[in-house]
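Q: So I've got this file, protein-v1.pdb, and it contains PDB, C-alpha atoms, pLDDT in the B column:
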```
MODEL        1
ATOM      1  CA  MET A  10      18.628  -7.616  15.066  1.00 51.00           C
ATOM      2  CA  PRO A  11      15.589  -5.404  15.684  1.00 59.00           C
ATOM      3  CA  VAL A  12      13.591  -4.250  12.708  1.00 64.00           C
ATOM      4  CA  THR A  13      13.672  -0.501  12.319  1.00 70.00           C
ATOM      5  CA  ARG A  14      11.188   1.428  10.280  1.00 69.00           C
ATOM      6  CA  THR A  15      11.492   5.061   9.393  1.00 77.00           C
ATOM      7  CA  SER A  16       8.796   7.676   9.170  1.00 79.00           C
ATOM      8  CA  GLU A  17       9.575   7.839   5.449  1.00 84.00           C
ATOM      9  CA  GLU A  18       8.494   4.217   5.042  1.00 83.00           C
ATOM     10  CA  LEU A  19       5.274   4.889   6.937  1.00 83.00           C
ATOM     11  CA  SER A  20       4.678   7.967   4.811  1.00 85.00           C
ATOM     12  CA  LEU A  21       5.165   5.883   1.672  1.00 85.00           C
ATOM     13  CA  LEU A  22       2.676   3.293   2.942  1.00 86.00           C
ATOM     14  CA  LEU A  23       0.085   5.978   3.623  1.00 87.00           C
ATOM     15  CA  THR A  24       0.695   7.508   0.200  1.00 90.00           C
ATOM     16  CA  TYR A  25       0.289   4.142  -1.522  1.00 88.00           C
ATOM     17  CA  LEU A  26      -2.915   3.423   0.397  1.00 87.00           C
ATOM     18  CA  SER A  27      -4.300   6.876  -0.418  1.00 88.00           C
ATOM     19  CA  LEU A  28      -3.569   6.524  -4.115  1.00 87.00           C
ATOM     20  CA  ILE A  29      -5.062   3.041  -4.305  1.00 87.00           C
ATOM     21  CA  GLY A  30      -8.098   4.205  -2.327  1.00 82.00           C
ATOM     22  CA  ILE A  31      -8.693   7.138  -4.659  1.00 84.00           C
ATOM     23  CA  TRP A  32      -8.097   4.998  -7.729  1.00 82.00           C
ATOM     24  CA  PHE A  33     -10.691   2.429  -6.589  1.00 79.00           C
ATOM     25  CA  ALA A  34     -13.160   4.810  -4.901  1.00 77.00           C
ATOM     26  CA  ILE A  35     -14.959   6.258  -7.907  1.00 77.00           C
ATOM     27  CA  PRO A  36     -15.466   2.995  -9.820  1.00 77.00           C
ATOM     28  CA  SER A  37     -16.440   1.117  -6.655  1.00 76.00           C
ATOM     29  CA  VAL A  38     -19.013   3.700  -5.601  1.00 77.00           C
ATOM     30  CA  THR A  39     -20.404   3.847  -9.126  1.00 81.00           C
ATOM     31  CA  LEU A  40     -20.749   0.060  -9.192  1.00 77.00           C
ATOM     32  CA  LEU A  41     -22.425   0.113  -5.762  1.00 76.00           C
ATOM     33  CA  ILE A  42     -24.899   2.851  -6.741  1.00 82.00           C
ATOM     34  CA  ASN A  43     -25.779   1.056  -9.971  1.00 83.00           C
ATOM     35  CA  ARG A  44     -26.175  -2.225  -8.045  1.00 80.00           C
ATOM     36  CA  ASP A  45     -23.773  -3.871 -10.414  1.00 78.00           C
ATOM     37  CA  LYS A  46     -22.819  -7.482  -9.743  1.00 79.00           C
ATOM     38  CA  ARG A  47     -19.121  -6.627 -10.193  1.00 79.00           C
ATOM     39  CA  TRP A  48     -19.028  -4.495  -7.013  1.00 79.00           C
ATOM     40  CA  PRO A  49     -17.892  -7.326  -4.678  1.00 81.00           C
ATOM     41  CA  ILE A  50     -15.110  -8.188  -7.132  1.00 83.00           C
ATOM     42  CA  ALA A  51     -13.860  -4.587  -7.138  1.00 80.00           C
ATOM     43  CA  ILE A  52     -13.892  -4.429  -3.335  1.00 82.00           C
ATOM     44  CA  SER A  53     -12.117  -7.802  -3.121  1.00 87.00           C
ATOM     45  CA  ILE A  54      -9.364  -6.561  -5.430  1.00 86.00           C
ATOM     46  CA  LEU A  55      -9.046  -3.394  -3.335  1.00 85.00           C
ATOM     47  CA  PHE A  56      -8.647  -5.386  -0.113  1.00 89.00           C
ATOM     48  CA  ILE A  57      -6.121  -7.744  -1.708  1.00 92.00           C
ATOM     49  CA  VAL A  58      -4.014  -4.782  -2.842  1.00 89.00           C
ATOM     50  CA  ILE A  59      -4.235  -3.166   0.607  1.00 89.00           C
ATOM     51  CA  ILE A  60      -3.202  -6.397   2.346  1.00 93.00           C
ATOM     52  CA  PHE A  61      -0.337  -6.796  -0.151  1.00 92.00           C
ATOM     53  CA  LEU A  62       0.934  -3.282   0.642  1.00 89.00           C
ATOM     54  CA  ILE A  63       0.730  -3.849   4.391  1.00 89.00           C
ATOM     55  CA  VAL A  64       2.606  -7.170   4.100  1.00 91.00           C
ATOM     56  CA  CYS A  65       5.263  -5.457   1.958  1.00 87.00           C
ATOM     57  CA  TYR A  66       5.586  -2.770   4.634  1.00 84.00           C
ATOM     58  CA  ILE A  67       5.913  -5.318   7.421  1.00 85.00           C
ATOM     59  CA  LEU A  68       8.496  -7.332   5.481  1.00 84.00           C
ATOM     60  CA  GLN A  69      10.230  -4.118   4.348  1.00 83.00           C
ATOM     61  CA  TRP A  70      10.252  -4.980   0.663  1.00 79.00           C
ATOM     62  CA  ARG A  71      12.877  -2.593  -0.722  1.00 82.00           C
ATOM     63  CA  VAL A  72      11.191  -2.244  -4.108  1.00 80.00           C
ATOM     64  CA  LEU A  73       8.239  -0.367  -2.614  1.00 77.00           C
ATOM     65  CA  PHE A  74       9.951   0.906   0.532  1.00 76.00           C
ATOM     66  CA  PRO A  75      13.541   1.837  -0.351  1.00 80.00           C
ATOM     67  CA  ARG A  76      16.064   2.702   2.303  1.00 75.00           C
ATOM     68  CA  SER A  77      16.402   6.390   3.045  1.00 71.00           C
ATOM     69  CA  ALA A  78      19.649   8.218   2.370  1.00 67.00           C
ATOM     70  CA  SER A  79      20.249   8.744   6.095  1.00 65.00           C
ATOM     71  CA  GLU A  80      19.798   5.027   6.774  1.00 63.00           C
ATOM     72  CA  ILE A  81      22.264   4.092   4.017  1.00 63.00           C
ATOM     73  CA  ASP A  82      24.726   6.651   5.360  1.00 59.00           C
ATOM     74  CA  LYS A  83      24.550   5.159   8.893  1.00 62.00           C
ATOM     75  CA  ASN A  84      25.324   1.671   7.611  1.00 62.00           C
ATOM     76  CA  THR A  85      28.390   2.719   5.611  1.00 63.00           C
ATOM     77  CA  LYS A  86      30.181   4.282   8.583  1.00 58.00           C
TER      78      LYS A  86
ENDMDL
END
```
Translate this structure into structure tokens?
A:
Amino acid sequence: MPVTRTSEELSLLLTYLSLIGIWFAIPSVTLLINRDKRWPIAISILFIVIIFLIVCYILQWRVLFPRSASEIDKNTK
């Protein structure tokens, strides 16, 4: 059975990545400018979260990427 992904799931992935990027951007840049030793840790956490989201998208984890109403409707008919 081929895996189908909707544009809604891709939109959710992009939204999640944007929110995480914004959430980490200001503290990460501040740590980098101040030459703080915690900067690599912050970037590592950011990359781990991004990889986690991409894996969830690939595996279609329904908690983060729920089925759309049109997709549910197709399967019930």
Q: Report, in Å to a single decimal, how far apart atom CA of A:Ile31 and atom CA of A:Trp70 are.
A: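 Atom CA of A:Ile31 lies 23.1 Å from atom CA of A:Trp70.
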Q: When you count all atoms listed in the file, which of these residues is closest to A:Thr15: A:Ile67, A:Val72, A:Ile60, A:Ile52?
A: A:Ile67
Q: Atom CA of A:Thr39 and atom CA of A:Tyr25, how far apart in Å?
A: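 Going from atom CA of A:Tyr25 over to atom CA of A:Thr39 covers 22.0 Å.
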Q: Set the distance at 12 Å and use only C-alpha atoms: which residues neighbour A:Arg71 once local chain neighbours fewer than 6 positions away are removed? I'd like the list as a ChimeraX atom specification.
A: /A:14,18,21,65,77
Q: Any idea what the distance is between atom CA of A:Phe33 and atom CA of A:Leu55?
A: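 That distance, rounded to one decimal, is 6.9 Å.
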Q: Given the file shown, enumerate the residues that the PyMOL selection byres ((chain A and resi 22) around 12) captures and present them as a ChimeraX atom specification.
A: /A:14-21,23-29,58-67,69-70,73-75
